[in-house]
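Novice: Hey, dropping input_15.csv in here, CSV, C-alpha atoms and all ligand atoms:
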```csv
chain,number,residue,atom,x,y,z
A,1,MET,CA,-5.7,-10.4,34.6
A,2,GLN,CA,-5.1,-14.1,35.0
A,3,ALA,CA,-1.7,-13.8,33.4
A,4,LEU,CA,-0.7,-10.7,35.4
A,5,ALA,CA,-2.1,-12.2,38.6
A,6,PRO,CA,-1.9,-8.8,40.5
A,7,ARG,CA,-2.1,-9.4,44.3
A,8,PRO,CA,-3.6,-7.1,46.9
A,9,GLY,CA,-0.9,-4.7,48.1
A,10,SER,CA,1.3,-5.1,45.0
A,11,LEU,CA,3.0,-2.5,42.8
A,12,GLN,CA,1.8,-2.7,39.2
A,13,ILE,CA,2.8,-0.7,36.1
A,14,ASP,CA,0.5,-0.2,33.1
A,15,GLY,CA,2.8,1.1,30.3
A,16,THR,CA,-0.2,1.8,27.9
A,17,LEU,CA,-3.0,3.4,29.9
A,18,GLY,CA,-5.2,4.2,26.9
A,19,GLY,CA,-8.8,4.6,28.3
A,20,GLY,CA,-7.7,3.1,31.7
A,21,GLY,CA,-9.8,-0.1,31.3
A,22,HIS,CA,-7.0,-2.5,32.3
A,23,ALA,CA,-5.8,0.0,34.9
A,24,ALA,CA,-9.2,0.1,36.6
A,25,ARG,CA,-9.3,-3.7,36.8
A,26,ILE,CA,-5.8,-3.9,38.2
A,27,LEU,CA,-6.5,-1.2,40.8
A,28,GLU,CA,-9.5,-3.3,41.9
A,29,ALA,CA,-7.4,-6.4,42.3
A,30,ILE,CA,-4.5,-4.7,44.2
A,31,SER,CA,-6.8,-2.8,46.6
A,32,PRO,CA,-6.8,-1.8,49.4
A,33,ASP,CA,-3.2,-0.8,49.6
A,34,GLY,CA,-1.6,-1.6,46.2
A,35,ARG,CA,-0.4,1.1,43.8
A,36,LEU,CA,-0.5,1.5,40.1
A,37,LEU,CA,1.9,3.5,37.9
A,38,GLY,CA,0.3,4.3,34.5
A,39,LEU,CA,2.1,5.7,31.5
A,40,ASP,CA,0.9,6.8,28.1
A,41,ALA,CA,2.6,8.8,25.3
A,42,ASP,CA,-0.7,10.5,24.5
A,43,ALA,CA,-1.6,13.4,26.8
A,44,HIS,CA,-5.3,12.9,25.9
A,45,ALA,CA,-5.2,9.3,27.2
A,46,ILE,CA,-3.7,10.5,30.5
A,47,GLU,CA,-6.5,13.1,30.8
A,48,ARG,CA,-9.2,10.5,30.1
A,49,SER,CA,-7.8,7.9,32.4
A,50,ALA,CA,-7.2,10.5,35.1
A,51,ARG,CA,-10.9,11.1,35.2
A,52,ARG,CA,-11.8,7.4,35.2
A,53,LEU,CA,-9.2,6.5,37.8
A,54,ALA,CA,-9.9,9.5,40.1
A,55,PRO,CA,-11.8,7.3,42.6
A,56,TYR,CA,-8.6,5.5,43.4
A,57,GLY,CA,-6.8,8.7,44.6
A,58,ASP,CA,-3.1,8.3,45.3
A,59,HIS,CA,-3.2,4.6,44.5
A,60,ALA,CA,-3.1,5.5,40.8
A,61,GLN,CA,-0.1,7.6,39.7
A,62,LEU,CA,-0.2,8.7,36.0
A,63,ARG,CA,2.6,10.0,33.9
A,64,HIS,CA,2.7,11.4,30.3
A,65,ALA,CA,5.7,9.4,29.1
A,66,ASN,CA,6.8,7.0,26.5
A,67,PHE,CA,7.1,3.4,27.9
A,68,SER,CA,10.6,3.3,26.5
A,69,ALA,CA,11.4,5.5,29.6
A,70,VAL,CA,9.7,3.1,32.0
A,71,GLY,CA,13.0,2.4,33.8
A,72,ALA,CA,13.6,6.0,34.9
A,73,VAL,CA,9.9,6.8,35.4
A,74,ALA,CA,9.4,3.8,37.6
A,75,ALA,CA,12.5,4.5,39.7
A,76,GLU,CA,11.4,8.1,40.2
A,77,ALA,CA,7.9,7.1,41.3
A,78,GLY,CA,9.0,4.4,43.7
A,79,PHE,CA,8.1,1.4,41.5
A,80,ASP,CA,11.5,-0.2,41.3
A,81,PRO,CA,11.2,-3.1,42.0
A,82,ALA,CA,7.6,-3.8,40.7
A,83,ASP,CA,5.4,-6.8,40.9
A,84,GLY,CA,3.8,-6.6,37.4
A,85,ILE,CA,4.1,-4.8,34.1
A,86,LEU,CA,1.5,-4.6,31.4
A,87,LEU,CA,1.9,-3.4,27.8
A,88,ASP,CA,-1.2,-3.4,25.6
A,89,LEU,CA,0.4,-2.2,22.4
A,90,GLY,CA,-0.7,-0.1,19.5
A,91,LEU,CA,-3.5,2.4,19.4
A,92,SER,CA,-6.7,2.7,21.3
A,93,SER,CA,-10.3,2.9,20.0
A,94,ASP,CA,-10.4,6.5,21.2
A,95,GLN,CA,-7.4,7.4,19.0
A,96,LEU,CA,-8.9,5.5,16.0
A,97,ALA,CA,-12.2,7.3,16.4
A,98,ASP,CA,-10.6,10.8,16.6
A,99,ALA,CA,-10.5,12.1,13.1
A,100,THR,CA,-8.0,14.8,14.0
A,101,ARG,CA,-5.2,12.1,14.6
A,102,GLY,CA,-5.0,10.5,11.2
A,103,PHE,CA,-5.0,6.9,12.4
A,104,SER,CA,-8.2,5.8,10.5
A,105,PHE,CA,-8.3,5.7,6.7
A,106,ARG,CA,-12.0,6.4,6.9
A,107,ALA,CA,-11.5,9.8,8.6
A,108,ASP,CA,-10.7,13.0,6.7
A,109,GLY,CA,-8.3,14.3,9.4
A,110,PRO,CA,-4.6,15.4,8.9
A,111,LEU,CA,-2.3,12.5,8.3
A,112,ASP,CA,-0.4,12.7,11.7
A,113,MET,CA,-0.4,9.3,13.5
A,114,ARG,CA,1.8,10.4,16.4
A,115,PHE,CA,0.8,9.0,19.8
A,116,ASP,CA,2.4,12.2,21.1
A,117,PRO,CA,1.8,15.0,18.6
A,118,THR,CA,4.2,17.3,20.5
A,119,ARG,CA,7.2,15.3,19.4
A,120,GLY,CA,8.7,13.8,16.2
A,121,THR,CA,7.5,13.9,12.6
A,122,PRO,CA,3.9,13.5,11.4
A,123,ALA,CA,3.2,10.7,8.8
A,124,SER,CA,2.3,13.4,6.2
A,125,GLU,CA,5.9,14.5,6.3
A,126,LEU,CA,7.2,11.0,5.6
A,127,VAL,CA,4.7,10.7,2.7
A,128,ALA,CA,5.8,14.0,1.3
A,129,THR,CA,9.5,13.7,1.6
A,130,LEU,CA,10.7,10.0,1.3
A,131,ASP,CA,11.6,9.0,-2.2
A,132,GLU,CA,10.0,6.0,-3.9
A,133,VAL,CA,12.7,3.5,-2.8
A,134,GLU,CA,12.5,4.7,0.8
A,135,LEU,CA,8.7,4.5,0.9
A,136,ALA,CA,8.7,1.0,-0.6
A,137,ALA,CA,11.3,-0.2,1.9
A,138,LEU,CA,9.2,1.3,4.8
A,139,PHE,CA,6.0,-0.4,3.6
A,140,ARG,CA,7.8,-3.7,3.2
A,141,ARG,CA,9.6,-3.5,6.5
A,142,PHE,CA,6.9,-2.3,8.8
A,143,GLY,CA,3.8,-3.4,6.8
A,144,GLU,CA,5.0,-6.6,5.2
A,145,GLU,CA,3.1,-5.1,2.2
A,146,PRO,CA,3.4,-7.2,-1.0
A,147,PHE,CA,2.5,-4.3,-3.3
A,148,ALA,CA,5.0,-1.9,-1.6
A,149,VAL,CA,6.7,-0.8,-4.9
A,150,ARG,CA,3.4,-0.1,-6.7
A,151,ILE,CA,2.1,1.9,-3.8
A,152,ALA,CA,5.3,3.9,-3.4
A,153,ARG,CA,5.2,4.7,-7.1
A,154,ALA,CA,1.6,5.8,-6.9
A,155,ILE,CA,2.3,8.1,-3.9
A,156,VAL,CA,5.2,9.8,-5.6
A,157,ALA,CA,3.1,10.4,-8.7
A,158,GLU,CA,0.0,11.6,-6.8
A,159,ARG,CA,1.9,14.0,-4.5
A,160,ARG,CA,3.2,15.9,-7.5
A,161,VAL,CA,-0.5,16.6,-8.4
A,162,GLU,CA,-1.7,17.4,-4.9
A,163,PRO,CA,-0.2,16.9,-1.4
A,164,ILE,CA,-1.2,13.7,0.4
A,165,ASP,CA,-1.9,15.3,3.8
A,166,THR,CA,-5.1,13.7,4.9
A,167,ALA,CA,-5.7,10.1,5.9
A,168,ARG,CA,-8.6,9.6,3.5
A,169,ARG,CA,-6.5,10.9,0.5
A,170,LEU,CA,-3.7,8.4,1.3
A,171,ALA,CA,-6.2,5.6,1.7
A,172,GLN,CA,-7.7,6.5,-1.8
A,173,VAL,CA,-4.2,6.6,-3.4
A,174,VAL,CA,-3.4,3.2,-2.0
A,175,GLU,CA,-6.8,1.7,-2.9
A,176,ARG,CA,-6.3,2.7,-6.5
A,177,ALA,CA,-2.7,1.3,-6.6
A,178,ALA,CA,-3.2,-2.0,-4.8
A,179,PRO,CA,-5.9,-4.6,-5.0
A,180,GLY,CA,-8.0,-5.4,-1.9
A,181,ARG,CA,-7.4,-8.6,0.1
A,182,VAL,CA,-9.6,-11.0,1.9
A,183,SER,CA,-8.4,-12.3,5.3
A,184,GLY,CA,-10.6,-15.2,6.5
A,185,ARG,CA,-14.2,-14.0,5.9
A,186,ARG,CA,-13.3,-10.3,6.4
A,187,ARG,CA,-12.3,-7.9,3.6
A,188,VAL,CA,-9.2,-6.1,4.7
A,189,HIS,CA,-8.9,-2.5,3.5
A,190,PRO,CA,-6.0,-2.3,1.0
A,191,ALA,CA,-4.4,0.6,3.0
A,192,THR,CA,-4.3,-1.4,6.3
A,193,ARG,CA,-0.6,-2.4,6.0
A,194,VAL,CA,0.5,1.0,4.7
A,195,PHE,CA,-1.1,2.8,7.7
A,196,GLN,CA,0.4,0.2,10.0
A,197,ALA,CA,3.9,0.8,8.5
A,198,LEU,CA,3.6,4.6,8.8
A,199,ARG,CA,2.4,4.4,12.3
A,200,ILE,CA,5.2,2.1,13.4
A,201,ALA,CA,7.8,4.4,11.7
A,202,VAL,CA,6.4,7.7,13.1
A,203,ASN,CA,6.3,6.4,16.6
A,204,SER,CA,9.5,4.3,16.5
A,205,GLU,CA,7.2,1.6,17.9
A,206,LEU,CA,9.5,-1.4,17.5
A,207,GLU,CA,12.5,0.3,19.1
A,208,ALA,CA,10.4,1.6,22.0
A,209,LEU,CA,9.2,-2.0,22.6
A,210,GLU,CA,12.7,-3.4,22.6
A,211,VAL,CA,13.9,-0.8,25.1
A,212,ALA,CA,10.8,-1.3,27.3
A,213,LEU,CA,11.1,-5.1,27.5
A,214,THR,CA,14.7,-4.9,28.6
A,215,ALA,CA,13.8,-2.2,31.2
A,216,ALA,CA,10.8,-4.2,32.4
A,217,VAL,CA,12.8,-7.3,33.2
A,218,GLY,CA,15.2,-5.2,35.2
A,219,LEU,CA,12.4,-3.7,37.2
A,220,LEU,CA,10.5,-6.9,38.1
A,221,ARG,CA,11.1,-8.5,41.4
A,222,PRO,CA,11.4,-12.3,41.5
A,223,GLY,CA,7.9,-13.8,40.9
A,224,GLY,CA,6.8,-10.5,39.2
A,225,ARG,CA,5.2,-10.8,35.8
A,226,ILE,CA,5.3,-9.0,32.5
A,227,VAL,CA,2.3,-9.3,30.2
A,228,VAL,CA,2.3,-8.0,26.6
A,229,LEU,CA,-0.6,-7.8,24.2
A,230,THR,CA,0.5,-7.5,20.5
A,231,TYR,CA,-1.7,-6.9,17.4
A,232,HIS,CA,0.6,-7.8,14.5
A,233,SER,CA,3.4,-10.2,13.7
A,234,LEU,CA,6.3,-7.7,13.8
A,235,GLU,CA,5.7,-6.8,17.5
A,236,ASP,CA,4.8,-10.3,18.5
A,237,ARG,CA,8.0,-11.6,17.0
A,238,ILE,CA,10.0,-9.1,19.1
A,239,VAL,CA,8.3,-10.2,22.3
A,240,LYS,CA,8.5,-13.9,21.5
A,241,ARG,CA,12.3,-13.7,20.8
A,242,PHE,CA,12.9,-11.5,23.8
A,243,ILE,CA,11.2,-14.0,26.1
A,244,ALA,CA,13.0,-16.9,24.5
A,245,ALA,CA,16.4,-15.3,25.0
A,246,GLU,CA,15.7,-14.5,28.6
A,247,ARG,CA,14.5,-18.0,29.2
A,248,ARG,CA,17.7,-19.4,27.8
A,249,GLY,CA,20.1,-17.1,29.6
A,250,CYS,CA,23.4,-18.2,28.2
A,251,THR,CA,24.3,-16.8,24.8
A,252,CYS,CA,27.5,-18.8,24.3
A,253,PRO,CA,27.9,-20.6,20.9
A,254,PRO,CA,27.0,-24.3,21.2
A,255,GLU,CA,30.6,-25.3,20.3
A,256,LEU,CA,32.0,-23.9,23.6
A,257,PRO,CA,32.3,-26.7,26.2
A,258,ILE,CA,31.4,-24.3,29.1
A,259,CYS,CA,29.5,-21.0,29.5
A,260,VAL,CA,31.7,-18.0,29.4
A,261,CYS,CA,29.0,-15.3,29.0
A,262,GLY,CA,27.8,-15.9,32.6
A,263,ARG,CA,24.2,-14.9,31.7
A,264,ARG,CA,21.5,-16.7,33.6
A,265,ALA,CA,17.8,-17.3,32.6
A,266,ARG,CA,15.7,-14.4,34.0
A,267,LEU,CA,12.2,-15.4,32.8
A,268,ARG,CA,9.9,-18.4,32.6
A,269,ILE,CA,6.8,-18.5,30.5
A,270,VAL,CA,3.5,-18.2,32.4
A,271,PRO,CA,1.5,-21.4,31.9
A,272,GLY,CA,-1.5,-21.0,29.6
A,273,THR,CA,0.3,-18.5,27.5
A,274,PRO,CA,0.7,-17.4,24.7
A,275,ALA,CA,-3.0,-16.9,24.4
A,276,THR,CA,-5.3,-15.7,21.6
A,277,PRO,CA,-8.9,-14.5,21.9
A,278,THR,CA,-11.8,-17.0,21.7
A,279,THR,CA,-14.4,-16.8,18.9
A,280,ASP,CA,-16.9,-15.4,21.4
A,281,GLU,CA,-14.5,-12.7,22.4
A,282,ILE,CA,-13.8,-11.8,18.8
A,283,ALA,CA,-17.6,-11.7,18.1
A,284,ALA,CA,-18.0,-9.3,21.0
A,285,ASN,CA,-14.9,-7.2,20.2
A,286,PRO,CA,-13.8,-7.6,16.6
A,287,ARG,CA,-10.7,-5.4,17.2
A,288,ALA,CA,-9.4,-8.2,19.4
A,289,ARG,CA,-9.1,-10.6,16.5
A,290,SER,CA,-5.4,-10.2,15.9
A,291,ALA,CA,-4.4,-10.0,19.6
A,292,ARG,CA,-1.8,-12.3,21.0
A,293,LEU,CA,-0.9,-12.3,24.7
A,294,ARG,CA,2.5,-13.3,26.0
A,295,ALA,CA,3.4,-13.5,29.7
A,296,ALA,CA,6.5,-14.3,31.6
A,297,GLU,CA,7.6,-14.5,35.2
A,298,ARG,CA,10.8,-13.1,36.6
A,299,LEU,CA,13.1,-15.7,38.1
A,300,ALA,CA,15.4,-15.1,41.0
A,301,ALA,CA,18.6,-14.8,38.8
B,401,LIG,C1,-4.4,-0.5,23.0
B,401,LIG,S1,-4.3,1.0,23.8
B,401,LIG,C2,-4.4,0.6,25.5
B,401,LIG,C3,-5.8,0.4,26.0
B,401,LIG,C4,-5.8,0.2,27.5
B,401,LIG,N1,-5.2,-1.1,27.9
B,401,LIG,C5,-7.2,0.2,28.1
B,401,LIG,O1,-7.6,-0.6,28.8
B,401,LIG,O2,-7.9,1.2,27.7
B,401,LIG,C6,-2.6,1.5,23.6
B,401,LIG,C7,-2.2,2.8,24.2
B,401,LIG,O3,-0.8,2.8,24.3
B,401,LIG,C8,-0.3,4.0,24.0
B,401,LIG,N2,1.1,3.8,23.5
B,401,LIG,C9,1.4,3.2,22.4
B,401,LIG,N3,2.8,3.2,22.3
B,401,LIG,C10,3.3,3.8,23.4
B,401,LIG,C11,4.6,4.1,23.9
B,401,LIG,N4,5.7,3.7,23.2
B,401,LIG,N5,4.7,4.7,25.1
B,401,LIG,C12,3.6,5.0,25.9
B,401,LIG,N6,2.3,4.8,25.4
B,401,LIG,C13,2.2,4.2,24.2
B,401,LIG,C14,-1.2,4.6,23.0
B,401,LIG,O4,-1.2,6.1,23.1
B,401,LIG,C15,-2.6,4.1,23.5
B,401,LIG,O5,-3.2,5.0,24.3
```
Can the structure from this file be put into structure tokens for me?

Specialist:
Amino acid sequence: MQALAPRPGSLQIDGTLGGGGHAARILEAISPDGRLLGLDADAHAIERSARRLAPYGDHAQLRHANFSAVGAVAAEAGFDPADGILLDLGLSSDQLADATRGFSFRADGPLDMRFDPTRGTPASELVATLDEVELAALFRRFGEEPFAVRIARAIVAERRVEPIDTARRLAQVVERAAPGRVSGRRRVHPATRVFQALRIAVNSELEALEVALTAAVGLLRPGGRIVVLTYHSLEDRIVKRFIAAERRGCTCPPELPICVCGRRARLRIVPGTPATPTTDEIAANPRARSARLRAAERLAA
């Protein structure tokens, strides 16, 4: 909330409504006459947050949409330009707890992992159809998994015996193929990186983020802010590089004596960011442990 600094009367966009927690805080801050546009790719998240945000009436407008479409959705809803945009990436605790979605390796639900189960390909189909080389590449690229080859080989061998179509079965196959790891004082489940990789692939998460960041800078009015919460290094790297490029503006090679690209800096970093959670915050909410918040302000370029 400090980084976004939503003022009373302002127009704010929450690209990842989830349970509507951030949205409710933002709506309080922009009252009495501000408006919030909330997006989520998951229709269940829209339903839940619609109930939670009902007291705000027309001040909260919710759309079942991918945030990669934020440019068009915001224009149609009258949020172009906007004063603030929040992206709190990844999955929600509700999605993790729902055994029918396949996000948690502890649950025995179908291996789906789509934020929007009405579109695209479920994770079970990737696990059933990609060959060993493709699976290993996916686990390395989107999971930075050091045992990618061993895990891919085990999946291909196991799926000949019996389909790998539940989250728990995939977790067991990975567990047998790869040793557990210890991160700090916590033991990390061996399937963590494989699940992350599949989820990123199934939802085209990194592409959606790149598209949304570009659209967001175009939507912000001067002085408006974008705040992004990431939970792993791949998405954080995208946000960090994007902000760095928009701070620099000019993309001409250094050997050129003058700028020929004509690009101007469009963002400045919000002081006090990037930020990571305090030890107290992690103790109260362990799922925040890997969070990193980056925030930038639109310049009048
Ligand atoms: C970490 S949760 C957000 C929690 C929320 N800030 C709150 O206060 O409850 C992330 C949400 O973003 C949604 N999401 C992830 N990627 C998305 C995308 N590309 N477009 C729209 N929603 C997305 C997920 O469905 C999930 O509900």

Novice: Let me see if you get this right: every residue at most 7 Å from ligand LIG 401 (chain B), counting all atoms listed in the file, written as a VMD selection string.

Specialist: chain A and resid 15 to 23 39 to 42 45 65 to 68 88 to 92 115 205 208 to 209

Novice: Name the residues in contact with range 140-157 of chain A at a cut-off of 9 Å, using only C-alpha atoms, excluding same-chain residues fewer than 3 positions from it; report them as a PyMOL selection string.

Specialist: chain A and resi 127-128+130-137+160-161+164+170+173-179+192-201+234

Novice: Would you export the selected residues with C-alpha atoms as a short mmCIF file (atom, residue, chain, number, x, y, z; two decimals), in the frame of the given file, please?

Specialist:
```
data_model
loop_
_atom_site.label_atom_id
_atom_site.label_comp_id
_atom_site.auth_asym_id
_atom_site.auth_seq_id
_atom_site.Cartn_x
_atom_site.Cartn_y
_atom_site.Cartn_z
CA VAL A 127 4.70 10.70 2.70
CA ALA A 128 5.80 14.00 1.30
CA LEU A 130 10.70 10.00 1.30
CA ASP A 131 11.60 9.00 -2.20
CA GLU A 132 10.00 6.00 -3.90
CA VAL A 133 12.70 3.50 -2.80
CA GLU A 134 12.50 4.70 0.80
CA LEU A 135 8.70 4.50 0.90
CA ALA A 136 8.70 1.00 -0.60
CA ALA A 137 11.30 -0.20 1.90
CA ARG A 160 3.20 15.90 -7.50
CA VAL A 161 -0.50 16.60 -8.40
CA ILE A 164 -1.20 13.70 0.40
CA LEU A 170 -3.70 8.40 1.30
CA VAL A 173 -4.20 6.60 -3.40
CA VAL A 174 -3.40 3.20 -2.00
CA GLU A 175 -6.80 1.70 -2.90
CA ARG A 176 -6.30 2.70 -6.50
CA ALA A 177 -2.70 1.30 -6.60
CA ALA A 178 -3.20 -2.00 -4.80
CA PRO A 179 -5.90 -4.60 -5.00
CA THR A 192 -4.30 -1.40 6.30
CA ARG A 193 -0.60 -2.40 6.00
CA VAL A 194 0.50 1.00 4.70
CA PHE A 195 -1.10 2.80 7.70
CA GLN A 196 0.40 0.20 10.00
CA ALA A 197 3.90 0.80 8.50
CA LEU A 198 3.60 4.60 8.80
CA ARG A 199 2.40 4.40 12.30
CA ILE A 200 5.20 2.10 13.40
CA ALA A 201 7.80 4.40 11.70
CA LEU A 234 6.30 -7.70 13.80
#
```

Novice: Given the point (7.1, -21.0, 33.9) in the file's coordinates, find the residues that have an atom at most 10 Å from it, counting only C-alpha atoms, and give them as a PDB file with C-alpha atoms, in the coordinates of the input.

Specialist:
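Saved the output as part32.pdb:
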```pdb
ATOM      1  CA  ARG A 247      14.500 -18.000  29.200  1.00  0.00           C
ATOM      2  CA  LEU A 267      12.200 -15.400  32.800  1.00  0.00           C
ATOM      3  CA  ARG A 268       9.900 -18.400  32.600  1.00  0.00           C
ATOM      4  CA  ILE A 269       6.800 -18.500  30.500  1.00  0.00           C
ATOM      5  CA  VAL A 270       3.500 -18.200  32.400  1.00  0.00           C
ATOM      6  CA  PRO A 271       1.500 -21.400  31.900  1.00  0.00           C
ATOM      7  CA  GLY A 272      -1.500 -21.000  29.600  1.00  0.00           C
ATOM      8  CA  THR A 273       0.300 -18.500  27.500  1.00  0.00           C
ATOM      9  CA  ALA A 295       3.400 -13.500  29.700  1.00  0.00           C
ATOM     10  CA  ALA A 296       6.500 -14.300  31.600  1.00  0.00           C
ATOM     11  CA  GLU A 297       7.600 -14.500  35.200  1.00  0.00           C
ATOM     12  CA  ARG A 298      10.800 -13.100  36.600  1.00  0.00           C
ATOM     13  CA  LEU A 299      13.100 -15.700  38.100  1.00  0.00           C
TER      14      LEU A 299
END
```

Novice: Distance CA of Glu246 in chain A-CA of Arg292 in chain A, one decimal place?

Specialist: 19.2 Å

Novice: Here is a test: counting all atoms listed in the file, which residue of A:Thr121, A:Asp116, A:Ala215, A:Glu28 is nearest to Pro81 in chain A?

Specialist: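 Smallest distance to Pro81 in chain A is found for A:Ala215.
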
Novice: Would you mind reading off the distance between CA of Ile243 in chain A and CA of Gly218 in chain A, one decimal, in Å?

Specialist: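 Going from CA of Ile243 in chain A over to CA of Gly218 in chain A covers 13.3 Å.
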
Novice: In the coordinate frame of the file, compute which residues have an atom within 12 Å of (-9.3, -10.9, 15.0) when using all atoms listed in the file, and state them as a VMD selection string.

Specialist: chain A and resid 183 to 186 188 230 to 232 276 to 292

Novice: Convert the current residue selection to file output with C-alpha atoms, as a CSV table (one decimal), in the coordinates of the input.

Specialist:
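Dumped everything to out00.csv:
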```csv
chain,number,residue,atom,x,y,z
A,183,SER,CA,-8.4,-12.3,5.3
A,184,GLY,CA,-10.6,-15.2,6.5
A,185,ARG,CA,-14.2,-14.0,5.9
A,186,ARG,CA,-13.3,-10.3,6.4
A,188,VAL,CA,-9.2,-6.1,4.7
A,230,THR,CA,0.5,-7.5,20.5
A,231,TYR,CA,-1.7,-6.9,17.4
A,232,HIS,CA,0.6,-7.8,14.5
A,276,THR,CA,-5.3,-15.7,21.6
A,277,PRO,CA,-8.9,-14.5,21.9
A,278,THR,CA,-11.8,-17.0,21.7
A,279,THR,CA,-14.4,-16.8,18.9
A,280,ASP,CA,-16.9,-15.4,21.4
A,281,GLU,CA,-14.5,-12.7,22.4
A,282,ILE,CA,-13.8,-11.8,18.8
A,283,ALA,CA,-17.6,-11.7,18.1
A,284,ALA,CA,-18.0,-9.3,21.0
A,285,ASN,CA,-14.9,-7.2,20.2
A,286,PRO,CA,-13.8,-7.6,16.6
A,287,ARG,CA,-10.7,-5.4,17.2
A,288,ALA,CA,-9.4,-8.2,19.4
A,289,ARG,CA,-9.1,-10.6,16.5
A,290,SER,CA,-5.4,-10.2,15.9
A,291,ALA,CA,-4.4,-10.0,19.6
A,292,ARG,CA,-1.8,-12.3,21.0
```

Novice: Hey, can you check how far CA of Ala107 in chain A sits from CA of Ser49 in chain A?

Specialist: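 Distance between the two atoms: 24.2 Å.
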
Novice: Go through A:Ala191, A:Val227, A:Leu36, A:Val217 and flag the residue nearest Phe139 in chain A, using all atoms listed in the file for the distances.

Specialist: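 So, comparing all the options, the nearest one is A:Ala191.
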
Novice: From the set A:Pro122, A:Gly109, A:Gly102, A:Pro6, which residue has the shortest atom-to-atom contact distance to Arg225 in chain A, counting only C-alpha atoms?

Specialist: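 Of A:Pro122, A:Gly109, A:Gly102, A:Pro6, the one nearest Arg225 in chain A is A:Pro6, counting only C-alpha atoms.
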
Novice: Compare A:Ala43, A:Cys250, A:Ile258, A:Leu4 by their minimum atom-to-atom distance to Pro117 in chain A, counting only C-alpha atoms, and give me the closest one.

Specialist: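 Among the listed residues, the smallest separation from Pro117 in chain A belongs to A:Ala43.
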
Novice: If you count only C-alpha atoms, which residues fall within 8 Å of Arg7 in chain A, apart from same-chain ones fewer than 2 positions away, as a list of chain:residue names?

Specialist: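 These residues fall inside the cut-off: A:Ala5, A:Gly9, A:Ser10, A:Ala29, A:Ile30.
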